[in-house]
Amino acid sequence: MTVEAFAPAKINLTLHVTGQRADGYHLLDSLVVFADCGDRLTLASADDLTLRVTGPRAEGVPTDGRNLVLKAAALFGPGRGAAIALDKHLPAAAGIGGGSSDAAAALRGLAQLWGLALPDARAVLSLGADVPVCLAPRPLRMRGVGEDITEGPRLPAMGLVLVNPGVEVPTPAVFKALDRKDNPAMPHPPGWASAATMAHWLGTQRNDLEAPAMALAPVIGTVIGAIAATQGCLLARMSGSGATCFGIYESRTEAEAAATALSVANPGWWVAAAEPFTLKPARA
Ligand code: C5P
């Protein structure tokens with residue numbers, strides 16, 4: 001038996017850091033959406049657990065026990081086998097949940113392959129704070145340290161551009177560089193009739209990790225400025241702890257034109273045009 005699983009890019013439209021626990025982990029309040037660009041996994045029945053990584057962003061991705069896909073498989077079905085192939089398109093350690101989305105997609109694929117129910121959010125938190133939100137990709141609100149997942153608003157039609165300038169900013173260092181840990185929480189996202197009204201609302205909200213990430217990697221400010229200057233851009237912001245930033249547009253066509261302009265002007269940057277992605281629930 002062989003199954004396929006898509007690991008979409010995760011975008012934090014907002015990311016409010018509202019506190020810090022005694023163990024050092026931060027309390028978050030984030031509106032998370034997924035994009036229809038991402039990594040692709042193929043999982044086949046096998047006696048042993050193996051991982052092969054291919055694709056344009058495969059370089060440097062571990063294929064041993066350090067890879068979150070293998071950690072997820074070992075946590076979910078200790079001693080069980082599967083031959084997993086990961087076709088890597090997203091940059092790693094980039095604030096768009098690459099490793100977490102891969103791990104969550106692996107869990108979806110393995111649940112099918114092994115005939116098991118998908119684990120719940122709290123059971124997979126130990127793999128990483130972004131794994132729970134990636135389990136069932138759709139617009140979601142993420143709170144706690146990443147384990148408290150509730151439905152997000154319905155999204156209007158829109159185009160998205162993702163841009164990574166090729167610098168890695170380690171997440172722990174970004175949290176450490178954050179001045180205030182007790183920022184205001186996010187008000188309830190109201191739902192919007194258009195990308196413009198959504199972008200206007202998002203503009204009144206924040207990614208609290210943007211300033212500390214920018215202090216560590218000033219190029220992030222350049223990226224946000226470059227996205228904001230593209231034709232039709234309604235909002236430009238950083239995702240997660242960076243360094244990937246996103247732009248919101250009225251349509252995919254506008255996002256594609258902006259992505260082309262950004263790629264031409266900055267040949268070293270990773271640039272992708274996308275639309276929001278929602279995983280269709282598996283049929284029983
Ligand atoms: O869980 P994950 O491996 O993604 O977290 C990486 C690092 O980010 C943690 O070691 C921690 O320093 C920081 N972090 C945090 N609060 C969170 C999530 C992550 O401080 N809610």
# chains A, B, ... in the order shown; residues from 1 in each chain; ligands from 1
call {"tool": "residues_around", "arguments": {"residues": "range 101-116 of chain A", "least_positions_apart": "4", "cutoff": "9 Å", "atoms": "only C-alpha atoms", "output": "VMD selection string"}}
result
chain A and resid 1 to 10 38 to 45 67 to 73 76 to 77 80 82 84 86 96 to 97 124 127 130 to 137
call {"tool": "write_last_selection", "arguments": {"atoms": "N, CA and C atoms", "output": "CSV table (one decimal), in the first residue's frame"}}
result
chain,number,residue,atom,x,y,z
A,1,MET,N,0.8,-1.2,0.0
A,1,MET,CA,0.0,0.0,0.0
A,1,MET,C,0.9,1.3,0.0
A,2,THR,N,0.5,2.2,-0.8
A,2,THR,CA,1.2,3.5,-0.8
A,2,THR,C,0.2,4.7,-0.7
A,3,VAL,N,0.6,5.6,0.2
A,3,VAL,CA,-0.3,6.8,0.3
A,3,VAL,C,0.6,8.1,0.2
A,4,GLU,N,-0.1,9.1,-0.2
A,4,GLU,CA,0.5,10.4,-0.4
A,4,GLU,C,0.0,11.4,0.6
A,5,ALA,N,0.9,12.3,1.0
A,5,ALA,CA,0.5,13.4,2.0
A,5,ALA,C,1.1,14.7,1.6
A,6,PHE,N,0.4,15.7,1.6
A,6,PHE,CA,0.9,17.1,1.3
A,6,PHE,C,1.2,17.8,2.6
A,7,ALA,N,2.4,18.5,2.6
A,7,ALA,CA,2.8,19.2,3.8
A,7,ALA,C,2.8,20.7,3.4
A,8,PRO,N,1.7,21.4,3.6
A,8,PRO,CA,1.7,22.8,3.1
A,8,PRO,C,2.5,23.8,4.0
A,9,ALA,N,2.9,24.9,3.4
A,9,ALA,CA,3.6,25.9,4.2
A,9,ALA,C,2.6,26.5,5.1
A,10,LYS,N,3.1,26.8,6.4
A,10,LYS,CA,2.2,27.4,7.4
A,10,LYS,C,2.6,28.9,7.5
A,38,GLY,N,4.2,23.6,-0.9
A,38,GLY,CA,4.7,22.8,0.2
A,38,GLY,C,5.5,21.6,-0.2
A,39,ASP,N,5.7,20.7,0.7
A,39,ASP,CA,6.5,19.5,0.5
A,39,ASP,C,5.5,18.3,0.2
A,40,ARG,N,6.0,17.3,-0.4
A,40,ARG,CA,5.1,16.1,-0.7
A,40,ARG,C,5.7,14.9,-0.2
A,41,LEU,N,4.9,14.1,0.5
A,41,LEU,CA,5.4,12.8,1.1
A,41,LEU,C,4.7,11.6,0.4
A,42,THR,N,5.5,10.6,0.2
A,42,THR,CA,4.9,9.3,-0.3
A,42,THR,C,5.3,8.3,0.8
A,43,LEU,N,4.3,7.5,1.2
A,43,LEU,CA,4.6,6.6,2.3
A,43,LEU,C,4.1,5.2,1.9
A,44,ALA,N,5.1,4.2,1.9
A,44,ALA,CA,4.7,2.9,1.5
A,44,ALA,C,4.9,1.9,2.6
A,45,SER,N,4.1,0.8,2.6
A,45,SER,CA,4.3,-0.3,3.6
A,45,SER,C,5.7,-0.8,3.5
A,67,ASN,N,15.6,13.9,11.8
A,67,ASN,CA,14.5,14.4,11.0
A,67,ASN,C,13.1,14.2,11.7
A,68,LEU,N,12.4,15.3,11.8
A,68,LEU,CA,11.1,15.3,12.6
A,68,LEU,C,10.1,14.2,12.0
A,69,VAL,N,10.2,13.9,10.7
A,69,VAL,CA,9.4,12.9,10.1
A,69,VAL,C,9.6,11.5,10.8
A,70,LEU,N,10.9,11.2,11.0
A,70,LEU,CA,11.2,9.9,11.7
A,70,LEU,C,10.9,9.9,13.1
A,71,LYS,N,11.1,11.1,13.8
A,71,LYS,CA,10.7,11.3,15.2
A,71,LYS,C,9.2,11.1,15.3
A,72,ALA,N,8.4,11.7,14.4
A,72,ALA,CA,7.0,11.5,14.5
A,72,ALA,C,6.5,10.1,14.3
A,73,ALA,N,7.2,9.4,13.4
A,73,ALA,CA,6.8,8.0,13.1
A,73,ALA,C,7.1,7.1,14.3
A,76,PHE,N,4.5,7.8,17.0
A,76,PHE,CA,3.2,7.3,16.7
A,76,PHE,C,3.1,5.8,16.7
A,77,GLY,N,4.1,5.1,16.1
A,77,GLY,CA,4.0,3.7,16.0
A,77,GLY,C,5.3,3.1,16.3
A,80,ARG,N,7.1,0.2,14.3
A,80,ARG,CA,6.4,-0.1,13.0
A,80,ARG,C,7.3,0.4,11.9
A,82,ALA,N,7.8,1.8,7.7
A,82,ALA,CA,7.3,2.5,6.5
A,82,ALA,C,8.4,3.0,5.7
A,84,ILE,N,9.4,6.0,3.7
A,84,ILE,CA,8.9,7.4,3.5
A,84,ILE,C,9.8,8.2,2.5
A,86,LEU,N,10.4,12.0,1.0
A,86,LEU,CA,10.0,13.4,1.3
A,86,LEU,C,10.6,14.2,0.1
A,96,ILE,N,8.0,28.9,8.3
A,96,ILE,CA,6.8,28.5,7.7
A,96,ILE,C,6.5,27.0,7.9
A,97,GLY,N,7.1,26.5,9.0
A,97,GLY,CA,6.7,25.2,9.6
A,97,GLY,C,7.2,24.0,8.7
A,124,VAL,N,1.2,15.2,20.2
A,124,VAL,CA,2.3,15.5,19.3
A,124,VAL,C,3.1,16.7,19.6
A,127,LEU,N,6.9,16.9,19.7
A,127,LEU,CA,7.7,16.9,18.5
A,127,LEU,C,8.1,18.3,18.1
A,130,ASP,N,4.8,23.7,16.7
A,130,ASP,CA,4.0,23.9,15.5
A,130,ASP,C,3.4,22.6,14.9
A,131,VAL,N,3.7,21.5,15.5
A,131,VAL,CA,3.2,20.2,14.9
A,131,VAL,C,1.7,20.1,15.1
A,132,PRO,N,1.2,20.4,16.3
A,132,PRO,CA,-0.3,20.3,16.5
A,132,PRO,C,-1.1,21.1,15.5
A,133,VAL,N,-0.7,22.4,15.2
A,133,VAL,CA,-1.5,23.2,14.3
A,133,VAL,C,-1.4,22.7,12.8
A,134,CYS,N,-0.4,21.9,12.5
A,134,CYS,CA,-0.2,21.4,11.2
A,134,CYS,C,-0.9,20.1,10.9
A,135,LEU,N,-1.5,19.5,12.0
A,135,LEU,CA,-2.2,18.2,11.9
A,135,LEU,C,-3.3,18.2,10.8
A,136,ALA,N,-4.1,19.2,10.9
A,136,ALA,CA,-5.3,19.3,9.9
A,136,ALA,C,-5.3,20.7,9.3
A,137,PRO,N,-4.5,20.9,8.3
A,137,PRO,CA,-4.3,22.3,7.8
A,137,PRO,C,-5.6,23.0,7.3
call {"tool": "closest_atom_pairs", "arguments": {"of": "range 72-133 of chain A", "to": "range 147-171 of chain A", "cutoff": "10 Å", "atoms": "only C-alpha atoms", "output": "CSV"}}
result
residue,atom,partner,partner_atom,distance
A:Leu90,CA,A:Asn164,CA,9.7
A:Pro91,CA,A:Asn164,CA,7.7
A:Ala92,CA,A:Glu168,CA,8.2
A:Ala93,CA,A:Glu168,CA,6.2
A:Ala94,CA,A:Glu168,CA,6.4
A:Gly95,CA,A:Thr171,CA,8.3
A:Ile96,CA,A:Leu162,CA,9.1
A:Asp120,CA,A:Glu147,CA,9.4
A:Ala121,CA,A:Glu147,CA,5.7
A:Arg122,CA,A:Glu147,CA,5.6
A:Ala123,CA,A:Glu147,CA,9.0
A:Val124,CA,A:Glu147,CA,8.6
A:Leu125,CA,A:Glu147,CA,6.3
A:Ser126,CA,A:Glu147,CA,9.8
A:Gly128,CA,A:Glu147,CA,9.8
A:Ala129,CA,A:Glu147,CA,7.1
A:Asp130,CA,A:Glu147,CA,8.3
A:Val131,CA,A:Glu147,CA,8.6
A:Pro132,CA,A:Glu147,CA,5.9
A:Val133,CA,A:Ile149,CA,6.5
call {"tool": "select_by_dssp", "arguments": {"residues": "range 138-229 of chain A", "states": "alpha helix (DSSP H)", "output": "JSON, numbers by chain"}}
result
{"A": [171, 172, 173, 174, 175, 176, 195, 196, 197, 198, 199, 200, 201, 202, 203, 210, 211, 212, 213, 214, 215, 216, 219, 220, 221, 222, 223, 224, 225, 226, 227, 228]}
call {"tool": "write_last_selection", "arguments": {"atoms": "N, CA and C atoms", "output": "compact mmCIF listing (two decimals), in the first residue's frame"}}
result
# COMPACT_ATOMS: atom_id res chain seq x y z
N THR A 171 15.03 29.88 16.13
CA THR A 171 13.85 30.27 16.91
C THR A 171 14.18 30.62 18.37
N PRO A 172 14.98 29.80 19.08
CA PRO A 172 15.27 30.16 20.48
C PRO A 172 15.92 31.54 20.60
N ALA A 173 16.81 31.87 19.66
CA ALA A 173 17.50 33.18 19.71
C ALA A 173 16.52 34.32 19.50
N VAL A 174 15.52 34.11 18.65
CA VAL A 174 14.52 35.16 18.39
C VAL A 174 13.68 35.39 19.65
N PHE A 175 13.23 34.30 20.27
CA PHE A 175 12.44 34.45 21.51
C PHE A 175 13.30 35.14 22.59
N LYS A 176 14.58 34.80 22.64
CA LYS A 176 15.47 35.39 23.66
C LYS A 176 15.64 36.89 23.45
N ALA A 195 -10.19 40.38 0.77
CA ALA A 195 -8.78 40.36 1.20
C ALA A 195 -8.39 41.72 1.77
N ALA A 196 -8.97 42.80 1.21
CA ALA A 196 -8.61 44.15 1.66
C ALA A 196 -9.07 44.38 3.11
N THR A 197 -10.29 43.94 3.44
CA THR A 197 -10.76 44.16 4.81
C THR A 197 -9.99 43.25 5.78
N MET A 198 -9.64 42.06 5.32
CA MET A 198 -8.83 41.18 6.16
C MET A 198 -7.46 41.80 6.42
N ALA A 199 -6.82 42.29 5.36
CA ALA A 199 -5.49 42.88 5.50
C ALA A 199 -5.54 44.11 6.40
N HIS A 200 -6.65 44.87 6.31
CA HIS A 200 -6.79 46.06 7.16
C HIS A 200 -6.84 45.62 8.63
N TRP A 201 -7.63 44.58 8.91
CA TRP A 201 -7.71 44.08 10.30
C TRP A 201 -6.35 43.56 10.76
N LEU A 202 -5.71 42.76 9.90
CA LEU A 202 -4.40 42.20 10.27
C LEU A 202 -3.39 43.31 10.55
N GLY A 203 -3.54 44.42 9.81
CA GLY A 203 -2.63 45.55 10.00
C GLY A 203 -2.73 46.17 11.38
N GLU A 210 8.68 39.79 15.01
CA GLU A 210 9.27 40.47 13.83
C GLU A 210 10.44 41.37 14.24
N ALA A 211 10.25 42.20 15.27
CA ALA A 211 11.32 43.13 15.67
C ALA A 211 12.57 42.39 16.15
N PRO A 212 12.44 41.39 17.06
CA PRO A 212 13.66 40.69 17.48
C PRO A 212 14.32 39.91 16.33
N ALA A 213 13.53 39.34 15.44
CA ALA A 213 14.12 38.61 14.30
C ALA A 213 14.87 39.59 13.39
N MET A 214 14.28 40.77 13.21
CA MET A 214 14.90 41.78 12.36
C MET A 214 16.20 42.30 12.97
N ALA A 215 16.24 42.36 14.32
CA ALA A 215 17.47 42.79 14.99
C ALA A 215 18.59 41.77 14.73
N LEU A 216 18.22 40.48 14.65
CA LEU A 216 19.21 39.43 14.40
C LEU A 216 19.56 39.33 12.91
N VAL A 219 18.10 41.80 7.10
CA VAL A 219 17.57 41.58 5.74
C VAL A 219 16.06 41.34 5.77
N ILE A 220 15.54 40.90 6.91
CA ILE A 220 14.09 40.68 7.02
C ILE A 220 13.35 42.00 6.76
N GLY A 221 13.89 43.10 7.26
CA GLY A 221 13.28 44.41 7.01
C GLY A 221 13.31 44.74 5.52
N THR A 222 14.39 44.37 4.85
CA THR A 222 14.50 44.59 3.41
C THR A 222 13.43 43.79 2.67
N VAL A 223 13.24 42.54 3.11
CA VAL A 223 12.26 41.66 2.46
C VAL A 223 10.84 42.24 2.63
N ILE A 224 10.51 42.65 3.86
CA ILE A 224 9.17 43.21 4.10
C ILE A 224 8.96 44.45 3.23
N GLY A 225 9.99 45.29 3.16
CA GLY A 225 9.90 46.50 2.34
C GLY A 225 9.71 46.17 0.86
N ALA A 226 10.43 45.15 0.39
CA ALA A 226 10.34 44.77 -1.03
C ALA A 226 8.95 44.20 -1.34
N ILE A 227 8.40 43.38 -0.43
CA ILE A 227 7.05 42.83 -0.65
C ILE A 227 6.03 43.98 -0.64
N ALA A 228 6.15 44.85 0.37
CA ALA A 228 5.18 45.95 0.52
C ALA A 228 5.16 46.86 -0.71
call {"tool": "atom_distance", "arguments": {"atom1": "CA of Trp269 in chain A", "atom2": "CA of Arg206 in chain A"}}
result
24.0 Å
call {"tool": "atom_distance", "arguments": {"atom1": "CA of Ala83 in chain A", "atom2": "CA of Asp48 in chain A"}}
result
7.2 Å
call {"tool": "atom_distance", "arguments": {"atom1": "CA of Gly24 in chain A", "atom2": "CA of Gly99 in chain A"}}
result
21.8 Å
call {"tool": "select_by_dssp", "arguments": {"residues": "range 34-227 of chain A", "states": "strand (DSSP E or B)", "output": "MDAnalysis selection string"}}
result
chainID A and resid 34:44 49:54 82:87 140:144 148:151 159:164 207
call {"tool": "closest_residue", "arguments": {"among": "A:Ala35, A:Ala185, A:Ala85, A:Met142", "to": "ligand 1", "atoms": "only C-alpha atoms and all ligand atoms"}}
result
A:Met142
call {"tool": "residues_around", "arguments": {"residues": "range 238-240 of chain A", "least_positions_apart": "5", "cutoff": "6 Å", "atoms": "only C-alpha atoms", "output": "PyMOL selection string"}}
result
chain A and resi 11-12+95+245
call {"tool": "write_last_selection", "arguments": {"atoms": "C-alpha atoms", "output": "PDB file, in the first residue's frame"}}
result
ATOM      1  CA  ILE A  11       1.773  31.135   7.674  1.00  0.00           C
ATOM      2  CA  ASN A  12       1.289  33.010  10.950  1.00  0.00           C
ATOM      3  CA  GLY A  95       9.192  30.254   9.980  1.00  0.00           C
ATOM      4  CA  CYS A 245       7.826  36.930   5.073  1.00  0.00           C
TER       5      CYS A 245
END
call {"tool": "closest_residue", "arguments": {"among": "A:Val33, A:Leu13, A:Ala117, A:Ala259", "to": "Val271 in chain A", "atoms": "only C-alpha atoms"}}
result
A:Ala259
call {"tool": "closest_residue", "arguments": {"among": "A:Leu178, A:Leu51, A:Ala236, A:Ala58", "to": "ligand 1", "atoms": "only C-alpha atoms and all ligand atoms"}}
result
A:Leu178
call {"tool": "residues_around", "arguments": {"residues": "range 229-232 of chain A", "least_positions_apart": "3", "cutoff": "8 Å", "atoms": "only C-alpha atoms", "output": "NGL selection string"}}
result
:A and (225-226 or 249-250 or 254 or 258 or 261-262)
call {"tool": "closest_residue", "arguments": {"among": "A:Ala265, A:Cys233, A:Leu27, A:Met186", "to": "ligand 1", "atoms": "only C-alpha atoms and all ligand atoms"}}
result
A:Leu27
call {"tool": "decode", "arguments": {"residues": "range 75-118 of chain A", "atoms": "N, CA and C atoms", "output": "CSV table (one decimal), in the first residue's frame"}}
result
chain,number,residue,atom,x,y,z
A,75,LEU,N,7.3,8.1,17.4
A,75,LEU,CA,6.4,8.4,18.5
A,75,LEU,C,5.0,7.8,18.3
A,76,PHE,N,4.5,7.8,17.0
A,76,PHE,CA,3.2,7.3,16.7
A,76,PHE,C,3.1,5.8,16.7
A,77,GLY,N,4.1,5.1,16.1
A,77,GLY,CA,4.0,3.7,16.0
A,77,GLY,C,5.3,3.1,16.3
A,78,PRO,N,5.7,3.0,17.6
A,78,PRO,CA,7.1,2.5,18.0
A,78,PRO,C,7.3,1.1,17.4
A,79,GLY,N,8.4,0.9,16.7
A,79,GLY,CA,8.7,-0.4,16.1
A,79,GLY,C,8.0,-0.7,14.8
A,80,ARG,N,7.1,0.2,14.3
A,80,ARG,CA,6.4,-0.1,13.0
A,80,ARG,C,7.3,0.4,11.9
A,81,GLY,N,7.1,-0.2,10.7
A,81,GLY,CA,7.9,0.2,9.5
A,81,GLY,C,7.1,1.0,8.5
A,82,ALA,N,7.8,1.8,7.7
A,82,ALA,CA,7.3,2.5,6.5
A,82,ALA,C,8.4,3.0,5.7
A,83,ALA,N,8.3,3.0,4.4
A,83,ALA,CA,9.3,3.6,3.5
A,83,ALA,C,8.8,5.0,3.1
A,84,ILE,N,9.4,6.0,3.7
A,84,ILE,CA,8.9,7.4,3.5
A,84,ILE,C,9.8,8.2,2.5
A,85,ALA,N,9.2,8.8,1.5
A,85,ALA,CA,10.0,9.6,0.6
A,85,ALA,C,9.4,11.1,0.8
A,86,LEU,N,10.4,12.0,1.0
A,86,LEU,CA,10.0,13.4,1.3
A,86,LEU,C,10.6,14.2,0.1
A,87,ASP,N,9.6,14.9,-0.6
A,87,ASP,CA,10.0,15.7,-1.8
A,87,ASP,C,10.0,17.2,-1.2
A,88,LYS,N,11.2,17.7,-1.0
A,88,LYS,CA,11.3,18.9,-0.2
A,88,LYS,C,11.3,20.2,-1.1
A,89,HIS,N,10.3,21.1,-0.9
A,89,HIS,CA,10.2,22.3,-1.7
A,89,HIS,C,10.3,23.5,-0.8
A,90,LEU,N,10.0,23.4,0.5
A,90,LEU,CA,10.0,24.6,1.4
A,90,LEU,C,11.4,24.7,2.0
A,91,PRO,N,11.9,26.0,2.2
A,91,PRO,CA,13.1,26.1,2.9
A,91,PRO,C,13.0,25.7,4.4
A,92,ALA,N,14.1,25.1,4.9
A,92,ALA,CA,14.0,24.6,6.3
A,92,ALA,C,14.3,25.8,7.3
A,93,ALA,N,13.9,25.6,8.5
A,93,ALA,CA,14.2,26.6,9.6
A,93,ALA,C,13.8,28.0,9.1
A,94,ALA,N,12.6,28.2,8.6
A,94,ALA,CA,12.3,29.4,7.9
A,94,ALA,C,11.0,30.1,8.4
A,95,GLY,N,10.4,29.6,9.5
A,95,GLY,CA,9.2,30.3,10.0
A,95,GLY,C,7.9,29.9,9.3
A,96,ILE,N,8.0,28.9,8.3
A,96,ILE,CA,6.8,28.5,7.7
A,96,ILE,C,6.5,27.0,7.9
A,97,GLY,N,7.1,26.5,9.0
A,97,GLY,CA,6.7,25.2,9.6
A,97,GLY,C,7.2,24.0,8.7
A,98,GLY,N,8.2,24.2,7.9
A,98,GLY,CA,8.6,23.1,7.1
A,98,GLY,C,8.7,21.7,7.8
A,99,GLY,N,9.6,21.6,8.8
A,99,GLY,CA,9.7,20.4,9.5
A,99,GLY,C,8.5,19.9,10.2
A,100,SER,N,7.8,20.9,10.8
A,100,SER,CA,6.5,20.6,11.5
A,100,SER,C,5.4,20.1,10.6
A,101,SER,N,5.3,20.7,9.4
A,101,SER,CA,4.3,20.4,8.5
A,101,SER,C,4.6,19.0,7.9
A,102,ASP,N,5.9,18.7,7.6
A,102,ASP,CA,6.3,17.4,7.2
A,102,ASP,C,6.0,16.3,8.2
A,103,ALA,N,6.3,16.6,9.5
A,103,ALA,CA,6.0,15.6,10.5
A,103,ALA,C,4.5,15.4,10.6
A,104,ALA,N,3.7,16.5,10.5
A,104,ALA,CA,2.2,16.3,10.6
A,104,ALA,C,1.7,15.5,9.4
A,105,ALA,N,2.2,15.8,8.2
A,105,ALA,CA,1.8,15.1,7.0
A,105,ALA,C,2.2,13.6,7.1
A,106,ALA,N,3.4,13.4,7.7
A,106,ALA,CA,3.8,12.0,7.9
A,106,ALA,C,2.8,11.3,8.8
A,107,LEU,N,2.3,11.9,9.8
A,107,LEU,CA,1.4,11.3,10.8
A,107,LEU,C,0.1,11.0,10.1
A,108,ARG,N,-0.4,11.9,9.2
A,108,ARG,CA,-1.6,11.7,8.4
A,108,ARG,C,-1.5,10.5,7.5
A,109,GLY,N,-0.3,10.4,6.8
A,109,GLY,CA,0.0,9.3,5.9
A,109,GLY,C,0.1,8.0,6.7
A,110,LEU,N,0.8,8.0,7.8
A,110,LEU,CA,1.0,6.8,8.6
A,110,LEU,C,-0.3,6.3,9.2
A,111,ALA,N,-1.2,7.2,9.6
A,111,ALA,CA,-2.5,6.8,10.2
A,111,ALA,C,-3.2,6.0,9.1
A,112,GLN,N,-3.2,6.5,7.9
A,112,GLN,CA,-3.8,5.7,6.8
A,112,GLN,C,-3.1,4.3,6.6
A,113,LEU,N,-1.8,4.4,6.5
A,113,LEU,CA,-1.0,3.2,6.2
A,113,LEU,C,-1.1,2.2,7.3
A,114,TRP,N,-1.1,2.6,8.5
A,114,TRP,CA,-1.2,1.7,9.7
A,114,TRP,C,-2.6,1.4,10.2
A,115,GLY,N,-3.6,2.1,9.6
A,115,GLY,CA,-5.0,1.9,10.0
A,115,GLY,C,-5.2,2.4,11.5
A,116,LEU,N,-4.6,3.5,11.8
A,116,LEU,CA,-4.7,4.1,13.2
A,116,LEU,C,-5.4,5.4,13.1
A,117,ALA,N,-6.0,5.8,14.2
A,117,ALA,CA,-6.6,7.2,14.3
A,117,ALA,C,-5.5,8.2,14.5
A,118,LEU,N,-5.6,9.3,13.9
A,118,LEU,CA,-4.6,10.4,13.9
A,118,LEU,C,-4.5,10.8,15.4
